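Novice: One file is attached below, query.cif, containing mmCIF, C-alpha atoms.
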```cif
data_entry
loop_
_atom_site.group_PDB
_atom_site.id
_atom_site.type_symbol
_atom_site.label_atom_id
_atom_site.label_comp_id
_atom_site.auth_asym_id
_atom_site.auth_seq_id
_atom_site.Cartn_x
_atom_site.Cartn_y
_atom_site.Cartn_z
ATOM 1 C CA ILE A 1 -6.954 -7.047 8.315
ATOM 2 C CA LYS A 2 -7.793 -8.070 4.808
ATOM 3 C CA ASN A 3 -6.444 -5.775 2.127
ATOM 4 C CA ARG A 4 -9.313 -5.409 -0.298
ATOM 5 C CA TYR A 5 -7.017 -4.326 -3.121
ATOM 6 C CA LEU A 6 -4.705 -7.317 -3.144
ATOM 7 C CA GLY A 7 -6.952 -9.891 -1.499
ATOM 8 C CA LYS A 8 -4.272 -10.919 0.993
ATOM 9 C CA ASN A 9 -3.898 -10.615 4.716
ATOM 10 C CA LEU A 10 -1.438 -7.788 5.124
ATOM 11 C CA ILE A 11 -1.419 -6.997 8.827
ATOM 12 C CA ASP A 12 2.221 -5.898 8.752
ATOM 13 C CA LEU A 13 1.720 -3.645 5.744
ATOM 14 C CA GLN A 14 -1.542 -2.131 6.881
ATOM 15 C CA LYS A 15 -0.317 -0.812 10.225
ATOM 16 C CA ILE A 16 2.355 1.412 8.779
ATOM 17 C CA LYS A 17 4.676 3.559 10.878
ATOM 18 C CA LEU A 18 4.078 6.867 9.163
ATOM 19 C CA ASN A 19 6.398 9.283 10.971
ATOM 20 C CA HIS A 20 5.649 9.859 14.667
ATOM 21 C CA SER A 21 2.701 7.508 14.994
ATOM 22 C CA HIS A 22 1.077 4.503 13.449
ATOM 23 C CA TYR A 23 -1.943 5.077 11.284
ATOM 24 C CA LEU A 24 -4.136 2.121 10.496
ATOM 25 C CA VAL A 25 -4.987 2.482 6.829
ATOM 26 C CA GLU A 26 -8.698 3.177 6.272
ATOM 27 C CA ASP A 27 -9.432 3.246 9.986
ATOM 28 C CA SER A 28 -11.705 5.649 11.868
ATOM 29 C CA LEU A 29 -11.836 9.417 11.488
ATOM 30 C CA GLU A 30 -10.985 9.769 15.176
ATOM 31 C CA LYS A 31 -7.781 7.794 14.693
ATOM 32 C CA TYR A 32 -6.922 9.829 11.598
ATOM 33 C CA ILE A 33 -7.326 13.075 13.544
ATOM 34 C CA ASN A 34 -5.089 11.669 16.301
ATOM 35 C CA TYR A 35 -2.576 10.741 13.595
ATOM 36 C CA LEU A 36 -2.585 14.361 12.398
ATOM 37 C CA ARG A 37 -2.171 15.653 15.940
ATOM 38 C CA ASN A 38 0.742 13.279 16.587
ATOM 39 C CA ASN A 39 2.499 14.589 13.474
ATOM 40 C CA LYS A 40 1.743 18.294 13.936
ATOM 41 C CA THR A 41 4.712 20.624 13.838
ATOM 42 C CA ASP A 42 5.498 23.177 16.497
ATOM 43 C CA ALA A 43 7.181 25.321 13.821
ATOM 44 C CA LYS A 44 6.186 28.959 13.593
ATOM 45 C CA GLY A 45 5.594 31.011 10.481
ATOM 46 C CA LYS A 46 3.897 30.095 7.230
ATOM 47 C CA ILE A 47 2.610 26.499 7.305
ATOM 48 C CA GLY A 48 1.996 24.971 3.892
ATOM 49 C CA MET A 49 0.741 21.747 2.386
ATOM 50 C CA ILE A 50 0.839 19.929 -0.880
ATOM 51 C CA GLN A 51 -0.986 16.790 -1.929
ATOM 52 C CA ILE A 52 0.499 14.400 -4.468
ATOM 53 C CA ASN A 53 -0.227 10.987 -5.887
ATOM 54 C CA ALA A 54 3.206 10.268 -7.400
ATOM 55 C CA SER A 55 2.552 7.044 -9.236
ATOM 56 C CA PRO A 56 5.433 7.070 -10.043
ATOM 57 C CA LEU A 57 7.434 9.835 -8.385
ATOM 58 C CA THR A 58 8.621 11.996 -11.292
ATOM 59 C CA ASN A 59 10.850 15.023 -11.775
ATOM 60 C CA GLY A 60 7.628 17.039 -11.829
ATOM 61 C CA HIS A 61 6.623 15.780 -8.388
ATOM 62 C CA THR A 62 10.071 16.451 -6.930
ATOM 63 C CA TYR A 63 9.928 19.943 -8.455
ATOM 64 C CA LEU A 64 6.591 20.540 -6.654
ATOM 65 C CA ILE A 65 8.095 19.353 -3.366
ATOM 66 C CA ASP A 66 11.226 21.475 -3.844
ATOM 67 C CA TYR A 67 9.256 24.595 -4.728
ATOM 68 C CA SER A 68 6.765 24.172 -1.899
ATOM 69 C CA ALA A 69 9.385 23.368 0.766
ATOM 70 C CA THR A 70 11.325 26.513 -0.103
ATOM 71 C CA HIS A 71 8.281 28.815 -0.123
ATOM 72 C CA CYS A 72 6.997 28.217 3.405
ATOM 73 C CA ASP A 73 8.401 27.693 6.873
ATOM 74 C CA PHE A 74 7.010 24.180 7.242
ATOM 75 C CA LEU A 75 5.439 21.849 4.678
ATOM 76 C CA TYR A 76 3.057 18.937 5.083
ATOM 77 C CA ILE A 77 3.225 16.611 2.085
ATOM 78 C CA PHE A 78 0.044 14.548 1.808
ATOM 79 C CA VAL A 79 0.240 11.358 -0.243
ATOM 80 C CA VAL A 80 -2.934 10.075 -1.894
ATOM 81 C CA GLU A 81 -3.635 6.789 -0.150
ATOM 82 C CA ASP A 82 -5.862 5.149 -2.738
ATOM 83 C CA ASN A 83 -4.265 2.057 -4.243
ATOM 84 C CA ARG A 84 -5.703 2.321 -7.762
ATOM 85 C CA ASN A 85 -2.268 3.257 -9.005
ATOM 86 C CA ALA A 86 0.656 1.594 -10.734
ATOM 87 C CA LEU A 87 2.550 1.764 -7.440
ATOM 88 C CA PRO A 88 0.985 0.801 -4.101
ATOM 89 C CA PHE A 89 0.513 3.484 -1.459
ATOM 90 C CA PHE A 90 3.253 2.231 0.849
ATOM 91 C CA ASP A 91 5.856 2.348 -1.956
ATOM 92 C CA ARG A 92 4.790 5.842 -3.047
ATOM 93 C CA PHE A 93 4.781 7.052 0.558
ATOM 94 C CA MET A 94 8.292 5.741 1.210
ATOM 95 C CA LEU A 95 9.688 7.171 -2.049
ATOM 96 C CA ILE A 96 8.309 10.612 -1.206
ATOM 97 C CA LYS A 97 9.486 10.361 2.384
ATOM 98 C CA ASP A 98 12.969 9.364 1.243
ATOM 99 C CA TYR A 99 13.141 12.208 -1.290
ATOM 100 C CA SER A 100 11.940 14.848 1.154
ATOM 101 C CA LYS A 101 14.549 13.914 3.799
ATOM 102 C CA LYS A 102 16.755 16.658 2.381
ATOM 103 C CA TYR A 103 14.381 19.208 3.904
ATOM 104 C CA SER A 104 14.229 19.643 7.665
ATOM 105 C CA ASN A 105 10.964 21.557 7.353
ATOM 106 C CA CYS A 106 8.809 18.753 5.878
ATOM 107 C CA VAL A 107 6.774 15.823 7.059
ATOM 108 C CA VAL A 108 5.060 13.289 4.787
ATOM 109 C CA LEU A 109 1.530 12.211 5.751
ATOM 110 C CA THR A 110 -1.228 10.117 4.259
ATOM 111 C CA GLY A 111 -4.426 11.778 3.107
ATOM 112 C CA GLY A 112 -6.306 8.684 4.267
ATOM 113 C CA SER A 113 -9.873 8.536 3.076
ATOM 114 C CA VAL A 114 -10.267 12.173 4.144
ATOM 115 C CA LEU A 115 -8.245 13.995 1.489
ATOM 116 C CA GLY A 116 -7.803 13.183 -2.181
ATOM 117 C CA SER A 117 -9.527 9.828 -1.970
ATOM 118 C CA LYS A 118 -12.079 7.871 -3.966
ATOM 119 C CA HIS A 119 -14.581 8.964 -1.316
ATOM 120 C CA THR A 120 -13.952 12.688 -1.715
ATOM 121 C CA LEU A 121 -12.998 12.964 -5.404
ATOM 122 C CA THR A 122 -14.929 10.091 -6.961
ATOM 123 C CA ALA A 123 -14.672 11.264 -10.576
ATOM 124 C CA TYR A 124 -10.888 11.558 -10.354
ATOM 125 C CA PHE A 125 -10.620 7.856 -9.527
ATOM 126 C CA ASN A 126 -13.207 6.804 -12.119
ATOM 127 C CA LYS A 127 -11.852 8.530 -15.218
ATOM 128 C CA GLU A 128 -13.281 5.869 -17.507
ATOM 129 C CA TYR A 129 -16.730 7.319 -16.813
ATOM 130 C CA ASP A 130 -17.856 10.720 -17.995
ATOM 131 C CA MET A 131 -18.457 12.138 -14.528
ATOM 132 C CA ASP A 132 -18.470 15.748 -13.461
ATOM 133 C CA ILE A 133 -16.059 16.206 -10.579
ATOM 134 C CA ASP A 134 -17.424 17.455 -7.278
ATOM 135 C CA THR A 135 -14.735 18.895 -5.008
ATOM 136 C CA SER A 136 -17.081 19.896 -2.180
ATOM 137 C CA GLU A 137 -16.418 16.848 0.045
ATOM 138 C CA ASP A 138 -12.656 17.112 -0.338
ATOM 139 C CA ILE A 139 -12.733 20.854 0.377
ATOM 140 C CA LYS A 140 -15.056 20.334 3.351
ATOM 141 C CA ASN A 141 -12.621 17.842 4.884
ATOM 142 C CA PHE A 142 -9.690 20.137 4.176
ATOM 143 C CA LYS A 143 -11.528 23.067 5.787
ATOM 144 C CA ASN A 144 -12.907 21.224 8.823
ATOM 145 C CA ILE A 145 -10.158 18.693 9.548
ATOM 146 C CA ILE A 146 -6.802 19.348 7.875
ATOM 147 C CA MET A 147 -6.613 23.146 8.133
ATOM 148 C CA PRO A 148 -7.588 23.510 11.797
ATOM 149 C CA GLU A 149 -5.633 20.476 13.011
ATOM 150 C CA LEU A 150 -2.407 21.510 11.274
ATOM 151 C CA ASP A 151 -2.836 25.323 11.087
ATOM 152 C CA ILE A 152 -2.405 25.422 7.305
ATOM 153 C CA ASP A 153 -1.790 28.932 5.909
ATOM 154 C CA ILE A 154 -0.944 28.158 2.313
ATOM 155 C CA ARG A 155 -1.749 25.393 -0.135
ATOM 156 C CA PHE A 156 0.423 24.521 -3.118
ATOM 157 C CA MET A 157 -0.999 22.777 -6.169
ATOM 158 C CA GLY A 158 0.612 21.700 -9.404
ATOM 159 C CA GLU A 159 -0.718 23.041 -12.683
ATOM 160 C CA GLU A 160 -2.095 20.295 -14.931
ATOM 161 C CA PRO A 161 -2.887 21.783 -18.345
ATOM 162 C CA ASP A 162 -3.687 18.363 -19.839
ATOM 163 C CA SER A 163 -6.090 17.205 -17.116
ATOM 164 C CA PRO A 164 -9.559 18.791 -17.001
ATOM 165 C CA LEU A 165 -10.320 16.908 -13.753
ATOM 166 C CA THR A 166 -7.211 18.202 -11.985
ATOM 167 C CA ASN A 167 -7.931 21.703 -13.290
ATOM 168 C CA LYS A 168 -11.420 21.556 -11.750
ATOM 169 C CA ILE A 169 -9.937 20.430 -8.429
ATOM 170 C CA ASN A 170 -7.460 23.319 -8.567
ATOM 171 C CA GLU A 171 -10.223 25.798 -9.437
ATOM 172 C CA GLY A 172 -12.385 24.576 -6.550
ATOM 173 C CA TYR A 173 -9.528 25.037 -4.105
ATOM 174 C CA LYS A 174 -8.617 28.448 -5.554
ATOM 175 C CA GLU A 175 -12.175 29.668 -4.964
ATOM 176 C CA PHE A 176 -12.256 28.222 -1.453
ATOM 177 C CA MET A 177 -8.861 29.577 -0.361
ATOM 178 C CA HIS A 178 -9.711 33.007 -1.787
ATOM 179 C CA SER A 179 -13.045 32.998 0.082
ATOM 180 C CA ILE A 180 -11.257 32.574 3.433
ATOM 181 C CA ASN A 181 -8.358 34.921 2.588
ATOM 182 C CA LYS A 182 -5.755 32.165 2.496
ATOM 183 C CA GLU A 183 -3.059 31.773 -0.117
ATOM 184 C CA LEU A 184 -3.032 29.149 -2.854
ATOM 185 C CA ILE A 185 -0.072 28.923 -5.201
ATOM 186 C CA GLU A 186 -0.553 26.978 -8.415
ATOM 187 C CA ILE A 187 2.936 25.935 -9.469
ATOM 188 C CA PRO A 188 3.472 26.000 -13.247
ATOM 189 C CA ARG A 189 4.145 22.588 -14.746
ATOM 190 C CA LEU A 190 7.818 21.688 -15.121
ATOM 191 C CA MET A 191 8.465 21.735 -18.872
ATOM 192 C CA ILE A 192 12.050 20.443 -18.968
#
```
Could you express the structure from this file as structure tokens?

Specialist:
Amino acid sequence: IKNRYLGKNLIDLQKIKLNHSHYLVEDSLEKYINYLRNNKTDAKGKIGMIQINASPLTNGHTYLIDYSATHCDFLYIFVVEDNRNALPFFDRFMLIKDYSKKYSNCVVLTGGSVLGSKHTLTAYFNKEYDMDIDTSEDIKNFKNIIMPELDIDIRFMGEEPDSPLTNKINEGYKEFMHSINKELIEIPRLMI
């Protein structure tokens, strides 16, 4: 497998053991759905999710994880897979996984190309252009793939007062979650 970001053959890094199954980065939708199924919890109660980029993992990100993990019975933490960051995906994934070990009710997953990717939130990953963000593809994938596969009841999102793009993503998800009578909690930004 040729990693298009680094231009090297990275077979060992591409097939990453991400919890209870391997997921081949940027592989087929069918394999991604199987990856979700292999990592699905059998926990009962309120099932939540949060999606973070964490490049780098900051006190704000850990605050979002801490808040979310303590406000639901089980939490899926989705890491943005796109490698247009200061830190590569594998490093960010492992940092988040290591941090979240203190919670027995969490699992860290990749969003793949399905959730929070350059394919679903193009304007977010092309900030140098004046593009209007369209959240419909990301929300469609969340609605049709993530929610039903993992039985998500509640979504947590971090407030981003200084990012108009992130605010539009949050607003799109607020409208969607409200329309299906599901809960969305926007966590106020950590100001310390």

Novice: Quick one, how far is CA of Ile47 (chain A) from CA of Ile152 (chain A)?

Specialist: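 So the two atoms, CA of Ile47 (chain A) and CA of Ile152 (chain A), lie 5.1 Å apart.
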
Novice: Using all atoms listed in the file, pick whichever of A:Met49, A:Ile139, A:Val80, A:Ala43 has the shortest atom-to-atom distance to Tyr67 (chain A).

Specialist: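 Among A:Met49, A:Ile139, A:Val80, A:Ala43, it is A:Met49 that comes nearest to Tyr67 (chain A).
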
Novice: Give me the result of the PyMOL selection byres ((chain A and resi 147) around 12) on this file, residue by residue, as an MDAnalysis selection string.

Specialist: chainID A and resid 33 36:37 40 47:49 76 115 139:146 148:155 177 180 182

Novice: May I have the selected residues written with C-alpha atoms, as a compact mmCIF listing (two decimals), in the frame of the given file?

Specialist:
```
# COMPACT_ATOMS: atom_id res chain seq x y z
CA ILE A 33 -7.33 13.08 13.54
CA LEU A 36 -2.58 14.36 12.40
CA ARG A 37 -2.17 15.65 15.94
CA LYS A 40 1.74 18.29 13.94
CA ILE A 47 2.61 26.50 7.30
CA GLY A 48 2.00 24.97 3.89
CA MET A 49 0.74 21.75 2.39
CA TYR A 76 3.06 18.94 5.08
CA LEU A 115 -8.24 14.00 1.49
CA ILE A 139 -12.73 20.85 0.38
CA LYS A 140 -15.06 20.33 3.35
CA ASN A 141 -12.62 17.84 4.88
CA PHE A 142 -9.69 20.14 4.18
CA LYS A 143 -11.53 23.07 5.79
CA ASN A 144 -12.91 21.22 8.82
CA ILE A 145 -10.16 18.69 9.55
CA ILE A 146 -6.80 19.35 7.88
CA PRO A 148 -7.59 23.51 11.80
CA GLU A 149 -5.63 20.48 13.01
CA LEU A 150 -2.41 21.51 11.27
CA ASP A 151 -2.84 25.32 11.09
CA ILE A 152 -2.40 25.42 7.30
CA ASP A 153 -1.79 28.93 5.91
CA ILE A 154 -0.94 28.16 2.31
CA ARG A 155 -1.75 25.39 -0.14
CA MET A 177 -8.86 29.58 -0.36
CA ILE A 180 -11.26 32.57 3.43
CA LYS A 182 -5.76 32.16 2.50
```

Novice: Compile the contact shell of Pro56 (chain A) as a count of residues only: residues with an atom at most 10 Å away, counting all atoms listed in the file, same-chain residues fewer than 3 positions apart removed.

Specialist: 11

Novice: To one decimal in Å, tell me the separation between CA of Asp98 (chain A) and CA of Asn34 (chain A).

Specialist: 23.6 Å

Novice: In Å, rounded to a single decimal, give me how far CA of Met191 (chain A) is from CA of Lys174 (chain A).

Specialist: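 Separating CA of Lys174 (chain A) from CA of Met191 (chain A) is a distance of 22.7 Å.
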
Novice: From the options A:Glu175, A:Phe78, A:Leu29, A:Asp138, which residue's atoms come nearest to Val108 (chain A), counting all atoms listed in the file?

Specialist: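 Looking only at the distances to Val108 (chain A), the closest residue turns out to be A:Phe78.
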
Novice: Using only C-alpha atoms, find the one residue out of A:Gly172, A:Ile52, A:Leu165, A:Met94 that sits nearest to Leu64 (chain A).

Specialist: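 Ranking A:Gly172, A:Ile52, A:Leu165, A:Met94 by distance to Leu64 (chain A), first place goes to A:Ile52.
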
Novice: Identify which of the residues A:Pro161, A:Phe156, A:Pro188, A:Glu30 lies closest to Tyr173 (chain A), counting all atoms listed in the file when measuring atom-to-atom distances.

Specialist: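 Nearest candidate to Tyr173 (chain A) out of A:Pro161, A:Phe156, A:Pro188, A:Glu30: A:Phe156.
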
Novice: Using all atoms listed in the file, determine which residues lie at most 8 Å from Leu190 (chain A), disregarding the query and same-chain residues fewer than 2 positions distant; provide the list as a list in words.

Specialist: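 Near neighbours after the sequence-gap exclusion: Gly60, Tyr63, Pro188 and Ile192 of chain A.
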
Novice: Decode the PyMOL selection byres ((chain A and resi 186) around 8) for the given file into explicit residues and return them as an MDAnalysis selection string.

Specialist: chainID A and resid 156:159 170 184:185 187:188

Novice: Taking only C-alpha atoms into account, name the residue in A:Gln51, A:Thr62, A:Thr110, A:Ser100 that is nearest to Tyr32 (chain A).

Specialist: A:Thr110

Novice: Considering all atoms listed in the file, state which residue in the set A:His71, A:Lys44, A:Lys97, A:Lys31 is at the smallest distance from Glu183 (chain A).

Specialist: A:His71

Novice: Convert the output of the PyMOL selection byres ((chain A and resi 103) around 10) on the shown file into explicit residues, formatted as a list in words.

Specialist: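 Selected by the PyMOL selection byres ((chain A and resi 103) around 10) here: Ile65, Asp66, Ala69, Thr70, Phe74, Leu75, Tyr99, Ser100, Lys101, Lys102, Ser104, Asn105, Cys106 and Val107 of chain A.
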